[in-house]
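> So I've got this file, final.txt, and it contains compact mmCIF, C-alpha atoms:
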```txt
# COMPACT_ATOMS: atom_id res chain seq x y z
CA MET A 1 0.00 0.00 0.00
CA ALA A 2 1.48 3.39 -0.95
CA GLU A 3 2.34 5.92 1.73
CA PRO A 4 2.02 9.66 1.39
CA GLY A 5 5.01 11.07 -0.40
CA ASP A 6 5.77 7.87 -2.35
CA PRO A 7 6.25 8.19 -6.01
CA ARG A 8 3.11 7.37 -8.03
CA THR A 9 4.69 6.23 -11.19
CA PRO A 10 3.58 2.85 -12.41
CA ALA A 11 7.16 1.90 -13.33
CA ASP A 12 8.30 2.15 -9.68
CA HIS A 13 5.27 0.44 -8.20
CA PRO A 14 3.60 -1.73 -10.78
CA ASP A 15 1.50 -3.56 -8.17
CA ASP A 16 0.04 -0.42 -6.63
CA HIS A 17 -3.69 -0.37 -7.39
CA ASP A 18 -4.83 2.21 -4.90
CA ASP A 19 -6.57 4.22 -7.53
CA LEU A 20 -8.72 1.16 -8.38
CA ILE A 21 -9.95 0.51 -4.80
CA GLY A 22 -10.73 4.06 -3.76
CA PHE A 23 -7.37 5.51 -2.71
CA SER A 24 -6.90 7.79 -5.62
CA SER A 25 -3.71 9.68 -6.11
CA ALA A 26 -3.36 13.20 -7.31
CA GLU A 27 -2.66 11.93 -10.79
CA SER A 28 -5.81 9.80 -10.87
CA LEU A 29 -7.95 12.75 -9.85
CA GLN A 30 -7.07 14.50 -13.04
CA GLY A 31 -9.44 12.11 -14.91
CA ARG A 32 -8.98 9.50 -17.49
CA ALA A 33 -9.74 9.71 -21.10
CA ARG A 34 -13.27 8.32 -21.76
CA GLU A 35 -13.90 6.29 -24.77
CA VAL A 36 -16.49 8.02 -26.91
CA GLU A 37 -19.01 5.73 -28.55
CA PRO A 38 -19.71 6.43 -32.20
CA ALA A 39 -22.94 8.25 -32.86
CA PRO A 40 -25.72 6.05 -34.36
CA GLU A 41 -26.39 6.45 -38.01
CA PRO A 42 -29.58 8.35 -38.76
CA GLU A 43 -32.49 6.23 -39.94
CA PRO A 44 -33.59 6.74 -43.52
CA VAL A 45 -36.63 8.91 -43.87
CA ILE A 46 -39.44 7.32 -45.88
CA ALA A 47 -41.29 9.82 -47.94
CA MET A 48 -45.06 9.57 -47.37
CA ALA A 49 -47.37 9.93 -50.31
CA GLU A 50 -49.48 13.01 -50.10
CA PRO A 51 -53.19 12.24 -49.60
CA GLU A 52 -55.46 12.94 -52.50
CA PRO A 53 -57.71 15.91 -52.04
CA ALA A 54 -61.24 14.97 -50.93
CA ALA A 55 -63.96 15.30 -53.51
CA ALA A 56 -66.28 18.17 -53.05
CA PRO A 57 -69.62 17.09 -51.49
CA GLU A 58 -72.62 17.03 -53.77
CA PRO A 59 -75.05 19.84 -53.21
CA ALA A 60 -78.17 18.91 -51.26
CA PRO A 61 -81.36 18.69 -53.33
CA ASP A 62 -83.61 21.67 -53.15
CA LEU A 63 -86.82 20.50 -51.53
CA PHE A 64 -88.68 23.64 -52.52
CA ALA A 65 -87.80 23.46 -56.22
CA PRO A 66 -90.80 22.79 -58.52
CA ARG A 67 -91.05 19.19 -59.70
CA ALA A 68 -90.80 18.37 -63.36
CA GLU A 69 -94.11 17.30 -64.77
CA VAL A 70 -94.11 13.75 -66.15
CA ASP A 71 -96.59 12.86 -68.78
CA PRO A 72 -98.62 9.81 -67.71
CA VAL A 73 -98.20 6.76 -69.89
CA PRO A 74 -101.50 6.06 -71.59
CA VAL A 75 -102.74 2.54 -70.83
CA ALA A 76 -105.23 1.16 -73.24
CA MET A 77 -107.87 -0.68 -71.23
CA ALA A 78 -110.84 -2.26 -72.82
CA ALA A 79 -113.95 -1.14 -71.02
CA PRO A 80 -116.35 -3.97 -70.27
CA LYS A 81 -119.24 -4.00 -72.62
CA PRO A 82 -122.50 -3.68 -70.75
CA ALA A 83 -124.99 -6.45 -71.18
CA GLN A 84 -127.81 -5.54 -73.47
CA ALA A 85 -131.38 -6.49 -72.68
CA ASP A 86 -134.66 -5.68 -74.40
CA SER A 87 -136.22 -4.46 -71.15
CA ILE A 88 -135.47 -4.25 -67.48
CA PHE A 89 -137.70 -7.26 -66.84
CA GLU A 90 -135.99 -9.57 -69.33
CA PRO A 91 -132.55 -11.10 -68.70
CA SER A 92 -129.71 -10.35 -71.04
CA PRO A 93 -128.74 -12.97 -73.66
CA GLU A 94 -125.45 -13.60 -71.79
CA PHE A 95 -127.34 -14.40 -68.59
CA ALA A 96 -129.96 -16.49 -70.39
CA SER A 97 -127.29 -18.60 -72.09
CA ARG A 98 -125.82 -19.74 -68.77
CA PRO A 99 -126.66 -23.27 -67.66
CA ARG A 100 -129.43 -23.20 -65.11
CA GLY A 101 -129.35 -25.22 -61.95
CA ARG A 102 -126.49 -27.06 -60.46
CA GLN A 103 -124.93 -29.67 -62.61
CA ALA A 104 -124.86 -33.07 -61.05
CA PRO A 105 -121.29 -34.05 -60.24
CA PRO A 106 -119.94 -37.00 -62.18
CA ASP A 107 -120.02 -40.37 -60.53
CA ALA A 108 -116.88 -40.33 -58.45
CA PRO A 109 -115.50 -43.31 -56.55
CA GLY A 110 -115.60 -41.33 -53.30
CA SER A 111 -119.27 -40.35 -53.40
CA MET A 112 -120.85 -39.57 -50.05
CA GLY A 113 -123.62 -42.15 -50.48
CA LEU A 114 -121.23 -45.07 -50.59
CA TYR A 115 -119.24 -43.75 -47.64
CA ALA A 116 -122.44 -43.28 -45.63
CA VAL A 117 -123.52 -46.88 -46.17
CA TYR A 118 -120.06 -48.13 -45.19
CA ALA A 119 -120.32 -46.07 -42.00
CA LEU A 120 -123.66 -47.73 -41.18
CA ILE A 121 -122.07 -51.13 -41.71
CA LEU A 122 -119.15 -50.35 -39.39
CA PHE A 123 -121.44 -49.00 -36.67
CA ALA A 124 -123.65 -52.08 -36.75
CA VAL A 125 -121.83 -53.70 -33.83
CA PRO A 126 -121.83 -50.68 -31.44
CA THR A 127 -125.50 -49.96 -32.20
CA LEU A 128 -126.53 -53.66 -31.86
CA GLY A 129 -127.61 -53.80 -35.50
CA VAL A 130 -129.70 -50.62 -35.62
CA SER A 131 -127.41 -48.84 -38.10
CA ALA A 132 -127.29 -52.03 -40.22
CA VAL A 133 -131.07 -51.95 -40.51
CA VAL A 134 -130.90 -48.30 -41.66
CA GLY A 135 -128.24 -49.19 -44.21
CA LEU A 136 -130.29 -52.14 -45.45
CA LEU A 137 -133.24 -49.84 -46.06
CA ALA A 138 -130.96 -47.38 -47.89
CA VAL A 139 -129.66 -49.92 -50.43
CA THR A 140 -132.88 -51.87 -50.94
CA GLY A 141 -135.34 -50.98 -53.66
CA ARG A 142 -133.20 -48.59 -55.65
CA GLU A 143 -130.91 -48.90 -58.60
CA GLY A 144 -127.21 -48.64 -58.13
CA PRO A 145 -124.87 -46.22 -59.92
CA GLU A 146 -123.96 -46.81 -63.53
CA ALA A 147 -120.20 -46.51 -63.14
CA ALA A 148 -118.51 -49.88 -62.84
CA LEU A 149 -116.42 -48.91 -59.82
CA SER A 150 -119.31 -47.47 -57.79
CA ARG A 151 -121.66 -50.25 -58.82
CA SER A 152 -119.26 -52.90 -57.54
CA HIS A 153 -119.25 -51.23 -54.12
CA PHE A 154 -123.04 -50.87 -54.16
CA VAL A 155 -123.55 -54.59 -54.84
CA TYR A 156 -120.93 -55.42 -52.23
CA GLN A 157 -122.84 -53.38 -49.64
CA GLN A 158 -126.16 -55.04 -50.51
CA ARG A 159 -124.68 -58.52 -50.13
CA THR A 160 -123.05 -57.58 -46.82
CA LEU A 161 -126.19 -56.12 -45.24
CA TRP A 162 -128.56 -58.89 -46.41
CA ALA A 163 -126.19 -61.63 -45.26
CA ALA A 164 -125.71 -59.89 -41.91
CA ALA A 165 -129.49 -59.59 -41.43
CA VAL A 166 -130.10 -63.29 -42.13
CA ALA A 167 -127.20 -64.38 -39.90
CA ALA A 168 -128.37 -62.10 -37.07
CA VAL A 169 -131.87 -63.63 -37.12
CA ALA A 170 -130.35 -67.12 -37.10
CA GLY A 171 -128.05 -66.22 -34.22
CA VAL A 172 -130.90 -64.89 -32.10
CA ILE A 173 -132.90 -68.06 -32.71
CA LEU A 174 -129.92 -70.24 -31.78
CA LEU A 175 -129.59 -68.48 -28.43
CA ALA A 176 -132.41 -70.67 -27.20
CA ALA A 177 -130.64 -73.81 -28.44
CA PRO A 178 -128.54 -75.98 -26.10
CA PHE A 179 -125.05 -74.77 -25.32
CA ALA A 180 -126.04 -71.27 -26.53
CA LEU A 181 -124.92 -71.81 -30.11
CA GLY A 182 -126.17 -68.37 -31.01
CA VAL A 183 -123.36 -66.64 -29.09
CA PRO A 184 -120.48 -67.80 -31.32
CA VAL A 185 -122.66 -67.22 -34.39
CA LEU A 186 -123.32 -63.60 -33.40
CA PHE A 187 -119.67 -63.06 -32.51
CA LEU A 188 -118.47 -64.35 -35.89
CA LEU A 189 -121.16 -62.28 -37.59
CA ALA A 190 -119.95 -59.08 -35.89
CA LEU A 191 -116.33 -59.82 -36.81
CA TRP A 192 -117.25 -60.62 -40.42
CA THR A 193 -119.31 -57.41 -40.77
CA VAL A 194 -116.55 -55.15 -39.45
CA ILE A 195 -113.92 -56.78 -41.70
CA ARG A 196 -116.05 -56.41 -44.83
CA GLY A 197 -116.94 -52.81 -44.01
CA ALA A 198 -113.32 -51.81 -43.37
CA SER A 199 -112.14 -53.56 -46.54
CA GLY A 200 -114.80 -51.78 -48.61
CA VAL A 201 -113.85 -48.35 -47.23
CA TRP A 202 -110.19 -49.00 -47.94
CA ASN A 203 -110.84 -49.96 -51.55
CA LEU A 204 -113.23 -47.05 -52.07
CA LYS A 205 -110.74 -44.53 -50.69
CA SER A 206 -108.01 -45.99 -52.90
CA GLY A 207 -110.25 -45.76 -55.97
CA LYS A 208 -110.32 -49.51 -56.47
CA PRO A 209 -113.43 -51.54 -57.29
CA ILE A 210 -114.44 -54.70 -55.46
CA SER A 211 -112.97 -57.56 -57.43
CA ASP A 212 -115.86 -59.96 -56.71
CA PRO A 213 -118.74 -58.02 -55.11
CA ARG A 214 -121.03 -61.10 -54.97
CA SER A 215 -118.62 -63.20 -52.94
CA TRP A 216 -119.11 -63.85 -49.22
CA TRP A 217 -115.58 -62.86 -48.31
CA ILE A 218 -113.67 -59.56 -48.62
```
Translate the structure described by the file into structure tokens.

Amino acid sequence: MAEPGDPRTPADHPDDHDDLIGFSSAESLQGRAREVEPAPEPEPVIAMAEPEPAAAPEPAPDLFAPRAEVDPVPVAMAAPKPAQADSIFEPSPEFASRPRGRQAPPDAPGSMGLYAVYALILFAVPTLGVSAVVGLLAVTGREGPEAALSRSHFVYQQRTLWAAAVAAVAGVILLAAPFALGVPVLFLLALWTVIRGASGVWNLKSGKPISDPRSWWI
């Protein structure tokens, strides 16, 4: 460690580092040369494109300016020709030439008469045969439709109701017989009537005729 008055030359005391640990000499207080860092290069300036001038706003429409008159487009419309009549009490020829009365609808496979009879057949069991009697009276004593499809259903309904009436009378009579033979007869009759009625409605709704309307099965 250097004492006061000792020479401070580095050649005499190369291991003296007082100036590095805080004991600065008079020579070290004079300052050391500081390394100057080079100044950074300036960044290139990018030239910005000048914005285009904004378009001038359109003038607002004058609400109080008179409107230009527009000529209407002529539309040629044929005026209805009034009906001519000889007097106020006589109809015009156009009215007299119209068909009078309602025209009878053509014979369609879904006519209401056939559906009504099928409904009476199906309700024969819940009404204990009352609706079947009404249906039998509806199809008896009148001619059937002329169309082949409707006529097949009409004959089918007649056969069903007449056979059901005869079988019902026989079943009631057999109730007094031994072993109550009328019970199974009436049960089979009810089942047979419902099956034939449902089959007829299905074919009528599908627009199909009965293949064999005089048979005893569906």
> Atom CA of Ala177 of chain A and atom CA of Gly129 of chain A, how far apart in Å?
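Pair atom CA of Gly129 of chain A / atom CA of Ala177 of chain A returns 21.4 Å.
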> Give me the residues near segment 153-168 of chain A as a PyMOL selection string, where near means some atom within 6 Å (using only C-alpha atoms) and where sequence neighbours in that chain fewer than 2 positions away do not count.
chain A and resi 136+150-151+170-171+213
> Considering all atoms listed in the file, state which residue in the set A:Ala198, A:Ala116, A:Ala190, A:Ala39 is at the smallest distance from Val139 of chain A.
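Closest to Val139 of chain A of all the choices is A:Ala116.
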> Let me have the centre and edge lengths of the axis-aligned box enclosing all listed atoms of segment 156-173 of chain A with 8 Å padding on every side, in Å to one decimal, as lines of an AutoDock Vina configuration file.

```
center_x = -126.9
center_y = -60.7
center_z = -42.2
size_x = 28.0
size_y = 30.7
size_z = 36.1
```
> Tell me which residues come within 12 Å of (-111.2, -46.1, -56.2), as a list in words, counting only C-alpha atoms in the file's coordinates.
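The residues near that point, listed by chain and number, are Asp107, Ala108, Pro109, Gly110, Ser111, Leu114, Tyr115, Ala147, Ala148, Leu149, Ser150, Arg151, Ser152, His153, Gly200, Val201, Trp202, Asn203, Leu204, Lys205, Ser206, Gly207, Lys208, Pro209, Ile210 and Ser211 of chain A.
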> Using all atoms listed in the file, determine which residues lie at most 10 Å from Trp192 of chain A, disregarding the query and same-chain residues fewer than 3 positions distant; provide the list as a ChimeraX atom specification.
/A:160,164,186-189,195-197,216-218
> Just give me the gap between atom CA of Ala132 of chain A and atom CA of Ala119 of chain A in Å, one decimal is fine.
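Computing it gives 9.3 Å between the two atoms.
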> So the first atom is atom CA of Leu120 of chain A and the second is atom CA of Ser199 of chain A; what is the distance between them in Å, to one decimal place?
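Distance reported for this atom pair: 14.0 Å.
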